[in-house]
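Working notes, beginning with the structure itself.
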Amino acid sequence: MALIKEIVQQALTIGYLSVVAEDELRSQLQSNYDSEDLDAWIILQRSVVAGDVKQESRRKKVSLSPKAKDASSGIKLAYQMAAEIAYAAAIALTMPKNTKDQPSLGA
């Protein structure tokens, strides 16, 4: 079973994420993973949103109407925001816990 980092590196290298690799990522994200894996996944999400990595599962067989394109761009923005929130959460989770030597916001 490949690690998230390895799957992401391959997708970034070839610019393409297959359905098989995507399924493997889903499987890995349901089990234990470390902060490096989470960082790699976030980088992959950003690359997909930026168009640097194409997803096989998202290939469009027909062209979209202008209305569908507007909806698609709104979904893309929401997806990017969710990736940014996940990134911020990952950073927050890797920060050291508050001790008596470190003041908190409420103290």
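All residue names refer to the structure tokens as shown: chains lettered A, B, ... in order, residues numbered from 1 in each chain, ligands numbered from 1 in order.
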
Write out as a PyMOL selection string the residues lying within 7 Å of region 36-51 of chain A, counting only C-alpha atoms and excluding same-chain residues fewer than 5 positions away.
-> chain A and resi 4-5+8+76+80+83+87

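Between Ser27 (chain A) and the candidates A:Leu3, A:Ile91, A:Ala86, A:Lys54, the tightest atom-to-atom separation, counting only C-alpha atoms, involves A:Leu3.
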
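The nearest approach to Ile7 (chain A) among the residues A:Leu77, A:Leu29, A:Ile85, A:Leu93, with only C-alpha atoms taken into account, belongs to A:Leu29.
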
What gap, in Å, lies between CA of Asp34 (chain A) and CA of Thr13 (chain A)?
-> 21.6 Å

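Our summary of the geometry notes that CA of Val19 (chain A) is positioned 7.5 Å from CA of Gln55 (chain A).
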
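CA of Tyr79 (chain A) sits 23.4 Å away from CA of Asn32 (chain A).
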
Name the residues of region 11-65 of chain A that come out as alpha helix (DSSP H) in a backbone DSSP run; write them as a PyMOL selection string.
-> chain A and resi 11-14+19-29+35-50
